[in-house]
Amino acid sequence: MVNARAQKDQILIRWAVNSPAEWQKANKKGFTITRTTVLRDGVVLPKPEKTLLTQKPLTPEPLDSWIDFVQKDSNAAIIAQSIYGESFEVTGAKEGDLAKIVNMADELDQRYTFALYAADMSFEGAVKAGWGYIDKNVKSNEVYAYQVKVFESPQVKESSYMIGLRDYTVLPAPTDFIAVPDDRKVLLSWDYETFKRIYTSFMVEKSSDGINYTPISNTALVNLNDKDENPSKNMYYVDTLSVNDKIYHYRLYGITSFGEKGEFTKPITAKGVAAIVTPARLVDYSILNSNEVNLEWDYPKESESFIQGYEINLANNDKGPYKVVSKIIPPSQRKLNFKESLYPSNYFTISVVGKNNQRLTSQSMLVQPVDSIPPAKPIGLEGVIDSLGTVRLKWKPNQEKDLRGYRILRANTSGEEFVDIYHQSYIGTEYKDSVSLKMTNSKVYYRIAAEDMRYNISDPSDILVLDKPDKIPPAAPIFKDYDNKDGKVHLKWIRSYSEDVVSHSLRRREKGQEKWLEIKQINDTIQEFTDDRIENKKTYQYAILAKDKSNLWSSLDHSVITVSVLNFTPVKVITFLQGTADRENRKIVLSWDYAKNKGKVLGLSIYKNEKGLPPTLWKELNSTVFTLEDKNLKINKEYEYHLVPNLENDSPAKAETLTVIY
């Protein structure tokens, strides 16, 4: 690692090897410096000019040459000892062969660490050790690249630094130099983070008259607490004082690793302040209302001149944390009217504030105002119920300081009394409940009430009504009566009593069939129906179902009836019947037709008789014959013809009678 500093007419160079073992080897082999001129008069040289500044490698000067130097520079003594000393003992030495190896490694680390530290404190010592160089043969219009490497040691990577006389700057004064007075001492502090890359050490000078300054220590001040993982922002030094009432002047400057001193800071002054030894004591209080209390305290009058004043602290429990609730109260004052929102239990302390901001705090005093006022009515209650019946409630928090929590209230019906389901104050503004989806109530009702530390309970919140997810089918409607008459089935039923029913469905199927046919959808309050689209001598099943707004259907278990259709009413089949007497041809011609149910007619039976005599079967005809001649006649007789159709399924057919005079 190489560092360089430009002065007005020369350039100073410092370097170090970052490995203790290689550092020890490098001290024997020496260092070489090559200077390359890269810029002249602001123009980059097309062919940089290289110069070897070390005719032979730089190594530490012989031990004899250090004798006089170390007498006046203690850092030079450390450097000489690290290079030439027979031992560099480590405290707490171990024993044994392995321990000797460990001790040797520790000793080498100690030599290396203290050597580099001392070289930072003494540039002259660093030059004498072969770790620094002064290049005086430089020009103001040129910029150089200095390359330093260990002689004949390719395993140690060389390093370079580019600099010119134009880079010279005045070393700045450190900033944020302040003094914090205390009892017979002063804490000095300044900005370290900004200047640690410029200065390796600092010196504080002190004066009692503001004119004649002397250093406060024999050696420069170094920060040994700065670490990469926890860098220091400020540097501190504590100066002890013989007395408190005398003013002292301080100034500060920094020292670079090249031994240069920076600019002085502006002088600052400080004097010691007496320590606070007597605390104030709270002695009495009087409660004016729930949010106002008068506090009283004692403090020696003769000690008032040593303090800034008092501070009142408040917490809701004895262990704290306490919060400062007052401005600094003048030293002569002994009472305070505290007008802020109080806790149910208030723990007050009083702090005496010294002139150096030191604080001495009293023991606590308990103040409990009478509280019969309940919290405000909670607002903002809202919630949802998911498909598993989990209820999530939330609401806006109350603002009372003495709030204990909330009472969670629930009812299953609109007229039911609300019940506390948590059984104690609930802390928080979100609550999770669960409800049964198998219960028949379709809604659930919630309210919350706030409770304070004195168990005063607020008015309950507005009622929150939540619809439960509908997992329960509606109650089934049932048939209450039916009638089978004249080939029709008349049905009556009782509707489902479930509140969320939106429609009913009347269905029919022939017995033995699987599929139901909807014959009527009922969207109103109709409770009866006549089915005339049925066939005689067949057995039908009827079902009545209810559907709710969640498209759930009621059960069929008790909503089915079976009806057998038996219709004995004769069916009128013959719609045209005519008889004509033809005396010329001595015959009667009969004509008829089947206008309805023609497909169900299997045949026709005709009975004949003279009027007044019983009829007898005269002809049996099939269904395709529609006219017939009768020639077995007597003059001046009145004949009756009875036509009886034969239908499928032996259904009764209405007989038709025709009277003809011949």
# chains A, B, ... in the order shown; residues from 1 in each chain; ligands from 1

$ residues_around --residues "Thr34 in chain A" --least-positions-apart "4" --cutoff "6 Å" --atoms "only C-alpha atoms" --output "compact mmCIF listing (two decimals) with N, CA and C atoms, in the first residue's frame"
# COMPACT_ATOMS: atom_id res chain seq x y z
N THR A 51 12.14 6.91 -14.19
CA THR A 51 13.40 7.17 -13.48
C THR A 51 13.43 6.29 -12.24
N LEU A 52 14.51 5.56 -12.05
CA LEU A 52 14.70 4.75 -10.84
C LEU A 52 15.29 5.65 -9.77
N LEU A 53 14.50 5.91 -8.71
CA LEU A 53 14.93 6.84 -7.66
C LEU A 53 15.86 6.19 -6.66
N TYR A 146 4.37 7.12 -8.87
CA TYR A 146 5.42 6.46 -8.09
C TYR A 146 5.04 5.00 -7.89
N GLN A 147 5.94 4.11 -8.28
CA GLN A 147 5.71 2.67 -8.13
C GLN A 147 6.72 2.13 -7.13

$ residues_around --residues "Asn313 in chain A" --least-positions-apart "3" --cutoff "10 Å" --atoms "only C-alpha atoms" --output "ChimeraX atom specification"
/A:310,320-326,347-351,361-362,364

$ write_last_selection --atoms "C-alpha atoms" --output "short mmCIF file (atom, residue, chain, number, x, y, z; two decimals), in the first residue's frame"
data_model
loop_
_atom_site.label_atom_id
_atom_site.label_comp_id
_atom_site.auth_asym_id
_atom_site.auth_seq_id
_atom_site.Cartn_x
_atom_site.Cartn_y
_atom_site.Cartn_z
CA TYR A 310 -36.60 20.55 37.14
CA GLY A 320 -41.60 2.84 33.19
CA PRO A 321 -40.62 3.79 30.59
CA TYR A 322 -40.99 7.37 31.83
CA LYS A 323 -41.64 10.27 29.48
CA VAL A 324 -40.69 13.89 30.13
CA VAL A 325 -44.02 15.80 30.27
CA SER A 326 -42.84 19.30 31.17
CA TYR A 347 -46.40 7.39 38.35
CA PHE A 348 -44.67 10.77 38.54
CA THR A 349 -40.96 11.44 39.12
CA ILE A 350 -39.04 14.72 39.20
CA SER A 351 -35.54 15.16 37.76
CA THR A 361 -34.26 11.64 39.37
CA SER A 362 -36.43 11.11 42.42
CA SER A 364 -41.90 7.76 41.91
#

$ residues_around --residues "Asp548 in chain A" --least-positions-apart "5" --cutoff "7 Å" --atoms "only C-alpha atoms" --output "ChimeraX atom specification"
/A:474,500-502,553

$ residues_around --residues "Thr659 in chain A" --least-positions-apart "6" --cutoff "9 Å" --atoms "only C-alpha atoms" --output "number ranges by chain"
A: 579, 611, 638-642

$ residues_around --residues "Pro374 in chain A" --least-positions-apart "3" --cutoff "10 Å" --atoms "only C-alpha atoms" --output "JSON, numbers by chain"
{"A": [371, 377, 400, 403, 450, 451, 452, 453, 454, 455, 456, 457, 458, 459]}

$ select_by_dssp --residues "range 241-444 of chain A" --states "helix (DSSP H, G or I)" --output "ChimeraX atom specification"
/A:301-306

$ write_last_selection --atoms "C-alpha atoms" --output "mmCIF file, in the first residue's frame"
data_model
loop_
_atom_site.group_PDB
_atom_site.id
_atom_site.type_symbol
_atom_site.label_atom_id
_atom_site.label_comp_id
_atom_site.auth_asym_id
_atom_site.auth_seq_id
_atom_site.Cartn_x
_atom_site.Cartn_y
_atom_site.Cartn_z
ATOM 1 C CA LYS A 301 -32.852 26.553 48.385
ATOM 2 C CA GLU A 302 -29.078 26.851 48.775
ATOM 3 C CA SER A 303 -28.569 24.394 45.871
ATOM 4 C CA GLU A 304 -30.710 26.303 43.357
ATOM 5 C CA SER A 305 -27.716 28.176 41.892
ATOM 6 C CA PHE A 306 -26.106 24.889 40.779
#

$ closest_residue --among "A:Lys468, A:Arg509, A:Lys56, A:Lys488" --to "Gly30 in chain A" --atoms "only C-alpha atoms"
A:Lys56
